[in-house]
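Okay, coords.cif now, which holds mmCIF, C-alpha atoms:
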data_entry
loop_
_atom_site.label_atom_id
_atom_site.label_comp_id
_atom_site.auth_asym_id
_atom_site.auth_seq_id
_atom_site.Cartn_x
_atom_site.Cartn_y
_atom_site.Cartn_z
CA MET A 28 139.11 199.09 229.92
CA GLY A 29 139.50 197.96 226.35
CA ASP A 30 141.39 198.71 223.15
CA CYS A 31 141.36 202.49 223.74
CA ASN A 32 141.97 202.50 227.50
CA TYR A 33 143.89 199.70 229.18
CA SER A 34 146.23 201.53 231.50
CA GLY A 35 143.96 203.36 233.96
CA PHE A 36 140.64 202.75 235.69
CA TYR A 37 139.56 206.39 235.85
CA LYS A 38 140.71 207.79 232.50
CA ASN A 39 137.90 209.60 230.65
CA THR A 40 135.57 209.32 233.66
CA LYS A 41 131.90 209.98 232.96
CA PRO A 42 128.88 210.22 235.31
CA ALA A 43 126.57 207.34 236.16
CA GLY A 44 123.28 206.98 238.01
CA GLY A 45 120.67 204.37 238.66
CA VAL A 46 118.29 202.57 240.95
CA MET A 47 118.81 199.49 243.06
CA ALA A 48 116.87 197.13 245.29
CA ARG A 49 118.45 194.95 247.95
CA TYR A 50 116.97 191.88 249.63
CA ASN A 51 118.70 191.07 252.93
CA ILE A 52 118.81 187.27 253.19
CA ASN A 53 120.30 187.54 256.67
CA PRO A 54 122.67 190.00 258.43
CA ARG A 55 125.67 188.54 256.53
CA MET A 56 124.22 188.10 253.02
CA ALA A 57 122.14 190.12 250.55
CA LEU A 58 120.99 190.05 246.92
CA LYS A 59 121.10 193.35 245.05
CA ALA A 60 119.49 194.19 241.71
CA ASN A 61 120.45 197.31 239.78
CA LEU A 62 119.60 199.32 236.69
CA ILE A 63 122.38 201.79 235.90
CA TYR A 64 122.93 204.32 233.14
CA ALA A 65 126.58 205.35 232.68
CA GLY A 66 128.92 206.93 230.18
CA ILE A 67 132.19 205.41 229.02
CA GLY A 68 134.82 206.80 226.71
CA GLY A 69 138.38 206.44 225.55
CA ASN A 70 141.09 207.84 223.34
CA SER A 71 143.92 205.67 222.03
CA ALA A 72 146.14 208.74 221.55
CA GLU A 73 146.59 208.79 225.36
CA ASN A 74 148.12 205.27 225.39
CA THR A 75 151.83 204.54 225.15
CA THR A 76 151.16 201.46 222.99
CA LYS A 77 149.94 202.35 219.50
CA PHE A 78 147.76 200.42 217.07
CA PRO A 79 149.64 198.43 214.36
CA ASP A 80 148.49 200.77 211.57
CA GLY A 81 149.36 203.87 213.64
CA ALA A 82 145.75 205.09 213.70
CA ASN A 83 144.10 206.70 216.74
CA TRP A 84 140.62 205.82 217.95
CA LYS A 85 138.34 207.96 220.10
CA PHE A 86 134.89 206.94 221.31
CA SER A 87 132.09 207.97 223.63
CA SER A 88 129.31 205.53 224.59
CA SER A 89 126.35 205.34 226.90
CA VAL A 90 125.89 202.09 228.81
CA ILE A 91 122.77 200.56 230.34
CA ASP A 92 123.61 197.93 232.95
CA LEU A 93 120.97 195.57 234.36
CA GLY A 94 122.22 193.05 236.87
CA CYS A 95 122.02 191.15 240.11
CA GLN A 96 124.81 190.70 242.66
CA TYR A 97 125.33 188.60 245.76
CA GLU A 98 126.84 190.53 248.67
CA LEU A 99 128.78 188.88 251.49
CA ASN A 100 129.22 191.17 254.51
CA PHE A 101 132.36 190.82 256.63
CA PHE A 102 130.25 191.47 259.77
CA GLY A 103 126.59 190.99 260.60
CA PHE A 104 124.88 194.20 259.46
CA GLY A 105 122.25 195.70 261.77
CA THR A 106 121.27 197.77 264.80
CA GLY A 107 118.95 197.58 267.77
CA GLU A 108 118.21 194.20 269.37
CA ALA A 109 120.60 192.47 266.99
CA THR A 110 123.68 194.10 268.55
CA TYR A 111 123.98 191.32 271.13
CA LYS A 112 124.79 188.99 268.22
CA GLY A 113 127.77 191.14 267.28
CA HIS A 114 126.10 192.98 264.43
CA LYS A 115 127.73 196.22 263.34
CA ARG A 116 126.38 199.49 261.92
CA ILE A 117 129.23 199.47 259.38
CA THR A 118 130.52 196.56 257.34
CA PRO A 119 132.75 196.04 254.33
CA TYR A 120 131.50 193.51 251.79
CA LEU A 121 132.47 191.56 248.68
CA LEU A 122 130.12 191.23 245.74
CA MET A 123 129.81 189.24 242.56
CA GLY A 124 127.01 188.54 240.16
CA LEU A 125 125.69 188.46 236.63
CA GLY A 126 124.26 191.19 234.45
CA PHE A 127 123.54 192.51 230.98
CA THR A 128 125.19 195.46 229.28
CA TYR A 129 123.85 197.45 226.36
CA ALA A 130 126.31 199.99 224.98
CA LYS A 131 125.33 202.55 222.37
CA ALA A 132 128.26 204.48 220.96
CA VAL A 133 127.52 208.07 219.99
CA GLU A 134 130.84 208.70 218.29
CA PRO A 135 131.32 206.59 216.12
CA GLU A 136 127.82 205.14 215.91
CA SER A 137 127.68 201.48 216.96
CA GLY A 138 126.02 199.24 219.55
CA ALA A 139 126.62 196.07 221.56
CA PHE A 140 124.58 193.84 223.88
CA THR A 141 126.42 191.38 226.12
CA LEU A 142 126.56 189.57 229.44
CA ASN A 143 128.74 191.02 232.19
CA LEU A 144 130.31 189.60 235.36
CA PRO A 145 130.47 192.23 238.12
CA ILE A 146 133.08 191.64 240.84
CA GLY A 147 133.73 194.23 243.52
CA VAL A 148 134.06 195.51 247.05
CA GLY A 149 132.13 198.00 249.11
CA VAL A 150 131.27 199.37 252.51
CA LYS A 151 127.84 200.22 253.91
CA TYR A 152 126.78 202.09 257.03
CA LYS A 153 123.44 202.01 258.84
CA VAL A 154 122.68 205.67 259.59
CA LYS A 155 119.32 204.87 261.27
CA PRO A 156 117.51 201.55 261.78
CA ARG A 157 116.16 201.68 258.20
CA LEU A 158 118.42 204.22 256.44
CA ASN A 159 121.74 203.10 254.91
CA VAL A 160 124.51 204.74 252.91
CA GLY A 161 127.25 202.96 251.05
CA LEU A 162 130.04 203.09 248.54
CA ASP A 163 131.02 200.27 246.23
CA TRP A 164 133.41 199.70 243.36
CA THR A 165 132.79 197.02 240.76
CA MET A 166 134.62 195.87 237.69
CA ARG A 167 132.18 194.70 235.03
CA PHE A 168 133.86 192.09 232.80
CA THR A 169 131.94 191.68 229.53
CA PHE A 170 131.92 188.98 226.86
CA SER A 171 132.14 191.53 224.03
CA ASP A 172 134.93 193.47 222.34
CA LYS A 173 132.47 195.98 220.84
CA LEU A 174 131.75 198.42 223.70
CA ASP A 175 134.26 200.89 222.28
CA GLY A 176 133.10 200.35 218.67
CA LEU A 177 136.49 198.82 217.86
CA VAL A 178 136.99 195.08 217.36
CA ASP A 179 140.43 193.48 217.80
CA PRO A 180 142.81 196.08 216.32
CA PHE A 181 145.84 194.03 217.47
CA ASN A 182 144.64 190.76 215.80
CA ILE A 183 144.80 188.85 219.11
CA LYS A 184 142.83 185.62 219.24
CA SER A 185 139.97 186.14 221.70
CA GLY A 186 138.93 183.79 224.50
CA THR A 187 135.98 183.79 226.90
CA LEU A 188 137.21 186.88 228.76
CA LYS A 189 140.50 187.47 226.92
CA ASN A 190 140.57 190.52 224.65
CA LYS A 191 137.14 191.70 225.82
CA ASP A 192 136.05 195.14 226.98
CA SER A 193 135.22 195.90 230.61
CA TYR A 194 134.29 198.93 232.69
CA CYS A 195 134.29 199.86 236.34
CA LEU A 196 131.66 201.70 238.36
CA THR A 197 132.13 203.53 241.65
CA MET A 198 128.72 204.07 243.18
CA LEU A 199 127.70 206.14 246.20
CA TYR A 200 124.20 205.12 247.27
CA VAL A 201 121.44 205.66 249.81
CA THR A 202 118.97 202.85 250.57
CA TYR A 203 115.91 202.47 252.78
CA ASP A 204 114.79 199.18 254.36
CA PHE A 205 111.08 198.62 253.58
CA MET A 206 110.68 195.02 254.74
CA PRO A 207 110.00 194.12 258.38
CA LYS A 208 113.14 193.25 260.32
CA TYR A 209 111.62 190.34 262.26
CA ARG A 210 108.29 188.61 261.88
CA LYS A 211 106.70 187.55 265.18
CA CYS A 212 105.00 184.21 265.46
CA ASN A 213 101.29 184.48 266.35
CA ASN A 214 100.92 180.85 267.51
#
Would it be possible to restate this file's structure as structure tokens?
Amino acid sequence: MGDCNYSGFYKNTKPAGGVMARYNINPRMALKANLIYAGIGGNSAENTTKFPDGANWKFSSSVIDLGCQYELNFFGFGTGEATYKGHKRITPYLLMGLGFTYAKAVEPESGAFTLNLPIGVGVKYKVKPRLNVGLDWTMRFTFSDKLDGLVDPFNIKSGTLKNKDSYCLTMLYVTYDFMPKYRKCNN
């Protein structure tokens, strides 16, 4: 979502993949770290609004996203002995966090490094006591107008998040719980 694509979330969709680690603070809260490689692209010829000089701009970039998000589950997430507390095998969640984005444009050649603010929603399901699957969607708001290799073609004064590029990620994931669920007291 930027100067070349501001009217649709899934225009010029490209694949993404990555790794993540999640630390469950308690059944309602978690911290998630991720390293994601994704492609973004756009073409201003597909927009109804044209640039002031009438030019078209097309770009294709690869993005590396490193970040951390806080997840807030709607329900306590768990199985087994925890079910008496009302924990569920499935829960929707909200997430927000902070990250870094490095974008390297292939066509035309350019690059940008910036902070990003991920905000999103998701749902996760506990398949087995330690195996989880999930789906989340996040919008990554950046502090840069250079992800598409094009800077301010409309001559609009920029603010903190105004006139900046952003991108969204829809991620299907599988996770495994390595840490012990409960530690027993030996005293």
Open item on the list: Just want the 10 Å neighbourhood of Gly94 of chain A, counted on only C-alpha atoms, with same-chain residues fewer than 2 positions away dropped. Output as JSON, numbers by chain.
Closed with: {"A": [47, 59, 60, 61, 62, 63, 91, 92, 96, 124, 125, 126, 127, 128, 142, 143, 144, 145]}
Open item on the list: As a check of understanding, name the residues that the PyMOL selection byres ((chain A and resi 193) around 8) selects in the supplied structure, as a PyMOL selection string.
Closed with: chain A and resi 28-29+166-169+191-192+194-195
Selected residues written out with C-alpha atoms, as a tab-separated table (two decimals), keeping the file's coordinate frame:
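As a result, again_23.tsv now contains:
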chain	number	residue	atom	x	y	z
A	28	MET	CA	139.11	199.09	229.92
A	29	GLY	CA	139.50	197.96	226.35
A	166	MET	CA	134.62	195.87	237.69
A	167	ARG	CA	132.18	194.70	235.03
A	168	PHE	CA	133.86	192.09	232.80
A	169	THR	CA	131.94	191.68	229.53
A	191	LYS	CA	137.14	191.70	225.82
A	192	ASP	CA	136.05	195.14	226.98
A	194	TYR	CA	134.29	198.93	232.69
A	195	CYS	CA	134.29	199.86	236.34
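For the choices A:Tyr129, A:Thr197, A:Met123, A:Ile117, the atom-to-atom distance to Ile146 of chain A is smallest for A:Met123 when using only C-alpha atoms.
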Task: Shortest interatomic distance to Gly45 of chain A - which of A:Ala130, A:Leu199, A:Leu122, A:Ala139, counting only C-alpha atoms - done: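 Residue with the minimum atom-to-atom distance to Gly45 of chain A: A:Leu199.
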Task: Interatomic distance, atom CA of Lys115 of chain A to atom CA of Thr165 of chain A (Å, one decimal) - done: 23.2 Å
- [ ] Measure the distance from atom CA of Trp164 of chain A to atom CA of His114 of chain A in Å and round it to one decimal.
- [x]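 Interatomic distance here is 23.3 Å.
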